[in-house]
Amino acid sequence: MKTVKQNVVKMAALLALTSSAFLATAADKVIHEDDFATLRGTAITSEPTPPPLKNEVDHKGTFGRAFPTQAPVVPHKVRKYQVNLKVNQCLSCHDRSRIKESKAPMVSVTHYMTRENHFLAQVSPRRYFCTQCHVAQDEAKPLVPNVFIDVDKLLEAAEAKKSAEH
Amino acid sequence: MMDKLKQVWRVLAKPSVHYSLGFLTIGGFLAGIIFWGGFNTALEATNTEEFCISCHEMEANVYEELQGTIHFSNRSGVRATCPDCHVPHEWTNKIARKMQASKEVWGKIFGTINTREKFEAKRRELAEHEWARLKANDSLECRNCHNFDYMDFTRQAPRAAEAHSTSLASGEKTCIDCHKGIAHHLPNMTGVKGY
């Protein structure tokens with residue numbers, strides 16, 4: 001009697017183990033193949049190895065701007081720059097007081113203005129943290145295709161269409 | 001007092017009664033080796049990174065900051081340890097710096113910077129000491145590795161090449177004048193020229 005009972009317990013345990021293993025692999029598979037569910041690329045149950053840090057593009061001249069109010073992107077490395085309450089290493093070249101020596105472009109005059117458009121002697125605290133808007137560039141493959149069209153191109157196209165009609 | 005000194009002098013000036021000349025010379029020679037060897041070993045032991053970061057003041061603050069910089073981790077795996085930059089390599093200057101460092105022992109005993117807050121409050125002062133030291137010795141510790149004569153300006157960014165070929169070449173400026181906080185975080189830089 002005792003052995004039968006033991007066997008039943010053993011069987012149940014074995015069944016539970018195999019079924020749970022099967023369920024786990026099935027769950028992994030579903031998440032892994034469902035590319036729309038996640039940009040992670042791996043199952044939610046696993047920790048993916050992060051990609052290596054990219055080297056930022058260094059001193060490649062200046063980048064253009066896609067629209068007039070775009071914050072210009074940074075054409076050099078800024079990863080190690082200290083920007084906090086104590087010091088702003090960006091401003092050690094780009095501040096008004098430094099540009100003569102550094103020959104770097106000065107931060108826009110708007111950065112010396114308060115919300116009420118009053119000028120200050122130094123960069124306004126609300127504009128102090130440069131990398132909130134200005135970012136270094138990287139040779140990265142875009143995650144989604146960029147369909148942005150420059151406004152000049154749009155105007156040109158409209159002009160061409162108009163002249164074609166006449 | 002004077003009598004005592006005279007007594008000591010008489011003992012030193014008199015020939016030895018009990019010990020042979022051979023014992024005294026060879027014994028003195030061996031004792032010299034042991035003393036000098038021991039002294040230098042102890043000196044070198046205090047001149048290692050393990051020794052520096054055996055105090056939490058160094059390990060939790062400056063060593064932590066060093067780890068993110070190019071002087072700790074880089075492509076080729078060559079790195080600078082604490083004494084490479086903070087202790088002169090040449091013997092005389094090293095001893096001079098070691099004597100100054102007795103102040104640091106004082107600081108350790110009395111807990112001058114034993115919390116993060118105390119360290120941050122003192123950071124500007126401590127940084128200024130190092131800037132002054134490197135300014136005075138023409139950035140000697142930088143130059144132990146970075147040799148001006150072998151710099152290729154054409155491989156430098158235009159702005160760096162410009163600065164190095166003028167101000168640095170003429171000796172008007174030295175490394176630390178521009179390269180502050182390269183291995184540690186900068187303190188509050190209010191009023192420092194160039195920041």
# chains A, B, ... in the order shown; residues from 1 in each chain; ligands from 1
>>> interface_residues(of="chain B", to="chain A", cutoff="7 Å", atoms="only C-alpha atoms", output="list in words")
Pro187, Asn188, Met189, Gly194 and Tyr195 of chain B
>>> write_last_selection(atoms="N, CA and C atoms", output="JSON list (two decimals), in the first residue's frame")
[["chain", "number", "residue", "atom", "x", "y", "z"],
["B", 187, "PRO", "N", 35.91, 70.41, -8.08],
["B", 187, "PRO", "CA", 35.18, 71.08, -7.00],
["B", 187, "PRO", "C", 34.38, 72.24, -7.56],
["B", 188, "ASN", "N", 33.76, 73.02, -6.71],
["B", 188, "ASN", "CA", 33.09, 74.23, -7.16],
["B", 188, "ASN", "C", 34.14, 75.16, -7.76],
["B", 189, "MET", "N", 33.98, 75.48, -9.07],
["B", 189, "MET", "CA", 35.04, 76.18, -9.79],
["B", 189, "MET", "C", 34.80, 77.68, -9.85],
["B", 194, "GLY", "N", 39.33, 80.37, -16.42],
["B", 194, "GLY", "CA", 39.09, 79.39, -17.48],
["B", 194, "GLY", "C", 37.85, 78.53, -17.23],
["B", 195, "TYR", "N", 37.12, 78.77, -16.14],
["B", 195, "TYR", "CA", 35.89, 77.99, -15.89],
["B", 195, "TYR", "C", 34.68, 78.90, -15.67]]
>>> select_by_dssp(residues="stretch 52-172 of chain B", states="alpha helix (DSSP H)", output="PyMOL selection string")
chain B and resi 52+56-57+64-66+82-86+91-100+102-109+116-136+140-143+158-163
>>> residues_around(residues="A:Phe119", least_positions_apart="6", cutoff="12 Å", atoms="only C-alpha atoms", output="VMD selection string")
chain A and resid 109 to 113
>>> closest_residue(among="B:Arg75, B:Lys94, B:Lys193, B:Arg124", to="B:Thr46", atoms="only C-alpha atoms")
B:Lys94
>>> closest_residue(among="A:Ser108, A:Arg79, A:Ser163, A:Phe67", to="A:Ser124", atoms="only C-alpha atoms")
A:Ser108
